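These notes are about the structure you will find just below.
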Amino acid sequence: MGDIAKGVLGGGWSLVAGWILPTAINLAVFFSAVAPGLRGTALMERLWPASSAHTMLLLLVASVLLGLVLNALQAPLYRLLEGYLLWPRRVYDRGCRVQRARKEAIAARIERTGVRAPIQAALLQERLARYPAADEQIAPTRLGNAIRRFEEYGYDRYRLDTQVLWNELTGTAPKDVGRQVDTARSSADFFVALLYGHGATAAAALAALPVGTPDVPLLIVTAVVLLLLVPVWYRAAVAATDEWAAAVRALVNTGRKPLADALGLVLPQDLGKEREMWLLVTRMSRRPYRPAADAAFAPYRAEPAPPGCCPPQPPAR
């Protein structure tokens with residue numbers, strides 16, 4: 001039992017808090033506000049639980065199963081909201097132009113209000129920080145930019161492409177830092193799951209209107225309220241990326257040294273040399289091997305330890 005609790009409070013907690021819990025909330029709304037209006041249909045009569053205990057069991061099982069499915073589909077779910085999936089090219093380009101103009105407008109407002117209203121300027125700076133540093137990295141949506149800012153952080157500062165070297169970086173970084181990334185991401189996952197679940201539940205409520213149910217006012221109110229909450233959860237997901245970005249920044253800053261050691265490289269003291277080294281590592285990971293890489297990596301390779309000098313130490317427990 002202790003091992004199960006440890007697993008839930010460890011890596012499994014992100015799954016529970018990020019996907020299963022919001023799925024349970026959405027299903028609870030469906031069962032309480034939408035499903036009663038469908039009781040007269042043959043399908044719902046066949047599937048509706050016989051008792052309240054069976055209803056709770058069905059809610060629990062459905063929440064876990066749907067939460068696992070959403071977790072498996074998180075990449076396309078995020079990409080759709082970021083503007084990378086199913087977006088027509090013309091709409092994508094227009095969204096990028098709008099977001100670039102917003103970034104420039106926020107920067108201009110900071111210059112105008114920086115001295116006279118420092119608190120307002122700090123709030124504007126927080127909004128500006130949700131955009132990537134390079135304008136060519138601008139995405140067509142606010143959530144896309146809020147995520148893209150920390151996806152490009154390692155490359156912008158150190159030429160360490162975290163998109164390419166993510167598994168290596170998280171596998172060698174301090175465990176507490178890696179756990180912070182998972183925990184911080186679960187907050188954004190929570191609101192994304194709520195957003196999609198509210199949209200699906202509102203669609204089900206509207207689809208139930210032609211069935212002839214007497215609960216038409218309840219279905220209409222449920223659909224309207226859920227649709228009004230969708231942009232609220234979107235804004236909350238954007239705000240939740242602040243902690244996620246801070247965790248990824250800590251992962252890059254503190255994980256570079258362990259990653260270099262694990263790759264058999266020596267981290268240069270000169271920042272320019274370090275950027276050159278990580279650029280080589282990124283290229284080595286993305287492109288086929290070429291003999292020129294041997295000479296390029298030579299200045300950064302660590303000297304092998306003498307035989308029998310330093311026996312491997314057991315991992316810390």
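Simple scheme: letters A, B, ... for chains in structure tokens order, numbers from 1 for residues in each chain, numbers from 1 for ligands in the order shown.
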
Who sits within 12 Å of Ala17 of chain A, only C-alpha atoms, same chain under 2 positions skipped, as a short mmCIF file (atom, residue, chain, number, x, y, z; two decimals) with C-alpha atoms, in the first residue's frame:
```cif
data_model
loop_
_atom_site.label_atom_id
_atom_site.label_comp_id
_atom_site.auth_asym_id
_atom_site.auth_seq_id
_atom_site.Cartn_x
_atom_site.Cartn_y
_atom_site.Cartn_z
CA VAL A 8 0.63 8.26 -6.94
CA LEU A 9 2.39 11.07 -5.08
CA GLY A 10 5.38 10.74 -7.41
CA GLY A 11 5.16 10.58 -11.17
CA GLY A 12 1.53 9.36 -11.16
CA TRP A 13 0.27 12.47 -9.41
CA SER A 14 0.75 14.54 -12.56
CA LEU A 15 -1.54 12.14 -14.43
CA TRP A 19 -6.04 14.60 -16.66
CA ILE A 20 -8.09 12.24 -14.47
CA LEU A 21 -9.38 14.86 -12.00
CA PRO A 22 -10.67 17.34 -14.64
CA THR A 23 -12.17 14.43 -16.56
CA ALA A 24 -14.05 13.43 -13.40
CA ILE A 25 -15.35 17.01 -13.07
CA SER A 63 -12.83 9.15 -15.34
CA VAL A 64 -9.75 6.94 -15.14
CA GLY A 67 -8.16 10.52 -18.35
CA LEU A 68 -5.66 7.95 -19.62
CA ASN A 71 -3.08 11.86 -21.45
CA ASP A 182 6.10 17.39 -14.19
CA THR A 183 4.29 19.06 -11.30
CA ALA A 184 4.22 22.48 -12.97
CA ARG A 185 2.95 21.02 -16.23
CA SER A 186 0.05 19.27 -14.47
CA SER A 187 -1.52 22.68 -13.75
CA ALA A 188 -1.64 23.54 -17.44
CA ASP A 189 -2.85 20.02 -18.24
CA PHE A 190 -5.70 20.46 -15.75
CA PHE A 191 -7.09 23.54 -17.49
CA VAL A 192 -6.58 22.09 -20.98
CA ALA A 193 -8.52 18.96 -19.98
CA LEU A 194 -11.27 21.12 -18.47
#
```

(message) Just to confirm, what's the straight-line distance from atom CA of Tyr84 of chain A to atom CA of Gly199 of chain A in Å (one decimal)?
(response)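 According to the coordinates, atom CA of Tyr84 of chain A and atom CA of Gly199 of chain A are separated by 19.7 Å.
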
(message) Can you tell me, as an MDAnalysis selection string, which residues in segment 79-179 of chain A count as alpha helix (DSSP H) by DSSP?
(response) chainID A and resid 79:82 89:113 118:128 142:151 153:158 166:172 175:179

(message) Quick one: residues within 10 Å of Pro140 of chain A, only C-alpha atoms, excluding same-chain residues fewer than 6 positions away - as a ChimeraX atom specification?
(response) /A:81-84,87,91-100

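When the distance limit is 9 Å and only C-alpha atoms are what count, the residues near Tyr196 of chain A, minus those fewer than 5 positions from it on the same chain, are Leu77, Phe191, Thr201 and Val230 of chain A.
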
(request) Determine the nearest neighbour of Val252 of chain A from the options A:Leu160, A:Met277, A:Val232, A:Ala223, counting only C-alpha atoms. (result)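 That would be A:Leu160, the residue with the smallest distance to Val252 of chain A.
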
(message) Just to confirm, what's the straight-line distance from atom CA of Leu267 of chain A to atom CA of Ala302 of chain A in Å (one decimal)?
(response)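 About the pair atom CA of Leu267 of chain A and atom CA of Ala302 of chain A: they are 9.2 Å apart.
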
(request) Name the closest residue to Val238 of chain A among the candidates A:Leu143, A:Ala134, A:Leu128, A:Leu206; distances are taken between atoms, counting only C-alpha atoms. (result)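 Distance minimum relative to Val238 of chain A lands on A:Leu143.
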
(message) I need the residue nearest Arg275 of chain A from this list: A:Pro299, A:Pro288, A:Gly154, A:Pro258. Use only C-alpha atoms for the distance.
(response)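 For Arg275 of chain A, the nearest of the given residues is A:Gly154.
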
(request) Have a look at atom CA of Ala28 of chain A and atom CA of Arg79 of chain A and let me know their distance in Å, one decimal. (result)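 It comes out at 26.8 Å.
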
(request) Name the residues in contact with Phe31 of chain A at a cut-off of 9 Å, using only C-alpha atoms, excluding same-chain residues fewer than 5 positions from it; report them as a ChimeraX atom specification. (result) /A:26,36,55,59

(request) Tell me which protein, DNA and RNA residues are within 10 Å of segment 170-178 of chain A, counting only C-alpha atoms, leaving out same-chain ones fewer than 4 positions away, and put them as a PyMOL selection string. (result) chain A and resi 162+165-166+182-183+247-263

Mind dumping the selected residues with N, CA, C and O atoms as an mmCIF file, in the first residue's frame?
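Wrote part-v1.cif, looks like this:
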```
data_model
loop_
_atom_site.group_PDB
_atom_site.id
_atom_site.type_symbol
_atom_site.label_atom_id
_atom_site.label_comp_id
_atom_site.auth_asym_id
_atom_site.auth_seq_id
_atom_site.Cartn_x
_atom_site.Cartn_y
_atom_site.Cartn_z
ATOM 1 N N THR A 162 16.409 21.883 -26.370
ATOM 2 C CA THR A 162 15.731 20.975 -25.444
ATOM 3 C C THR A 162 14.708 20.101 -26.146
ATOM 4 O O THR A 162 14.362 19.032 -25.636
ATOM 5 N N LEU A 165 17.071 17.228 -27.242
ATOM 6 C CA LEU A 165 17.801 16.557 -26.171
ATOM 7 C C LEU A 165 16.973 16.439 -24.887
ATOM 8 O O LEU A 165 17.535 16.323 -23.801
ATOM 9 N N TRP A 166 15.652 16.445 -25.013
ATOM 10 C CA TRP A 166 14.801 16.446 -23.820
ATOM 11 C C TRP A 166 15.003 15.196 -22.967
ATOM 12 O O TRP A 166 15.147 15.278 -21.744
ATOM 13 N N ASP A 182 7.329 18.176 -14.097
ATOM 14 C CA ASP A 182 6.097 17.394 -14.192
ATOM 15 C C ASP A 182 4.977 18.013 -13.367
ATOM 16 O O ASP A 182 3.820 18.082 -13.816
ATOM 17 N N THR A 183 5.303 18.468 -12.156
ATOM 18 C CA THR A 183 4.286 19.065 -11.297
ATOM 19 C C THR A 183 3.759 20.363 -11.876
ATOM 20 O O THR A 183 2.542 20.622 -11.858
ATOM 21 N N ALA A 247 10.120 26.098 -14.280
ATOM 22 C CA ALA A 247 10.682 24.769 -14.026
ATOM 23 C C ALA A 247 11.596 24.327 -15.162
ATOM 24 O O ALA A 247 12.670 23.755 -14.931
ATOM 25 N N VAL A 248 11.197 24.590 -16.402
ATOM 26 C CA VAL A 248 12.045 24.226 -17.539
ATOM 27 C C VAL A 248 13.317 25.066 -17.540
ATOM 28 O O VAL A 248 14.405 24.564 -17.858
ATOM 29 N N ARG A 249 13.205 26.344 -17.181
ATOM 30 C CA ARG A 249 14.395 27.194 -17.099
ATOM 31 C C ARG A 249 15.381 26.644 -16.072
ATOM 32 O O ARG A 249 16.591 26.585 -16.319
ATOM 33 N N ALA A 250 14.858 26.218 -14.909
ATOM 34 C CA ALA A 250 15.725 25.616 -13.891
ATOM 35 C C ALA A 250 16.327 24.309 -14.389
ATOM 36 O O ALA A 250 17.492 23.995 -14.094
ATOM 37 N N LEU A 251 15.555 23.548 -15.153
ATOM 38 C CA LEU A 251 16.059 22.285 -15.686
ATOM 39 C C LEU A 251 17.236 22.522 -16.622
ATOM 40 O O LEU A 251 18.253 21.814 -16.562
ATOM 41 N N VAL A 252 17.118 23.521 -17.482
ATOM 42 C CA VAL A 252 18.196 23.815 -18.420
ATOM 43 C C VAL A 252 19.416 24.361 -17.688
ATOM 44 O O VAL A 252 20.553 23.928 -17.925
ATOM 45 N N ASN A 253 19.197 25.310 -16.779
ATOM 46 C CA ASN A 253 20.324 25.957 -16.108
ATOM 47 C C ASN A 253 21.103 24.991 -15.213
ATOM 48 O O ASN A 253 22.340 25.047 -15.160
ATOM 49 N N THR A 254 20.403 24.124 -14.511
ATOM 50 C CA THR A 254 21.078 23.214 -13.585
ATOM 51 C C THR A 254 21.398 21.865 -14.208
ATOM 52 O O THR A 254 22.208 21.114 -13.654
ATOM 53 N N GLY A 255 20.770 21.547 -15.330
ATOM 54 C CA GLY A 255 20.972 20.235 -15.929
ATOM 55 C C GLY A 255 22.032 20.192 -17.006
ATOM 56 O O GLY A 255 22.389 19.100 -17.469
ATOM 57 N N ARG A 256 22.568 21.337 -17.407
ATOM 58 C CA ARG A 256 23.580 21.349 -18.467
ATOM 59 C C ARG A 256 24.851 20.624 -18.033
ATOM 60 O O ARG A 256 25.420 19.839 -18.794
ATOM 61 N N LYS A 257 25.294 20.886 -16.819
ATOM 62 C CA LYS A 257 26.532 20.268 -16.324
ATOM 63 C C LYS A 257 26.398 18.743 -16.211
ATOM 64 O O LYS A 257 27.253 18.007 -16.726
ATOM 65 N N PRO A 258 25.355 18.213 -15.555
ATOM 66 C CA PRO A 258 25.210 16.752 -15.521
ATOM 67 C C PRO A 258 25.067 16.141 -16.912
ATOM 68 O O PRO A 258 25.571 15.039 -17.157
ATOM 69 N N LEU A 259 24.395 16.845 -17.824
ATOM 70 C CA LEU A 259 24.245 16.321 -19.180
ATOM 71 C C LEU A 259 25.590 16.250 -19.884
ATOM 72 O O LEU A 259 25.907 15.252 -20.548
ATOM 73 N N ALA A 260 26.411 17.302 -19.737
ATOM 74 C CA ALA A 260 27.736 17.290 -20.355
ATOM 75 C C ALA A 260 28.585 16.157 -19.784
ATOM 76 O O ALA A 260 29.281 15.444 -20.529
ATOM 77 N N ASP A 261 28.522 15.967 -18.471
ATOM 78 C CA ASP A 261 29.288 14.884 -17.848
ATOM 79 C C ASP A 261 28.828 13.526 -18.374
ATOM 80 O O ASP A 261 29.656 12.645 -18.658
ATOM 81 N N ALA A 262 27.512 13.335 -18.493
ATOM 82 C CA ALA A 262 26.992 12.058 -18.967
ATOM 83 C C ALA A 262 27.371 11.786 -20.417
ATOM 84 O O ALA A 262 27.517 10.624 -20.820
ATOM 85 N N LEU A 263 27.544 12.846 -21.204
ATOM 86 C CA LEU A 263 27.930 12.691 -22.609
ATOM 87 C C LEU A 263 29.437 12.590 -22.789
ATOM 88 O O LEU A 263 29.918 12.493 -23.926
#
```

(request) Rank nothing, just name the residue among A:Leu80, A:Val164, A:Leu219, A:Ala62 nearest to Ser32 of chain A, using only C-alpha atoms. (result) A:Leu219
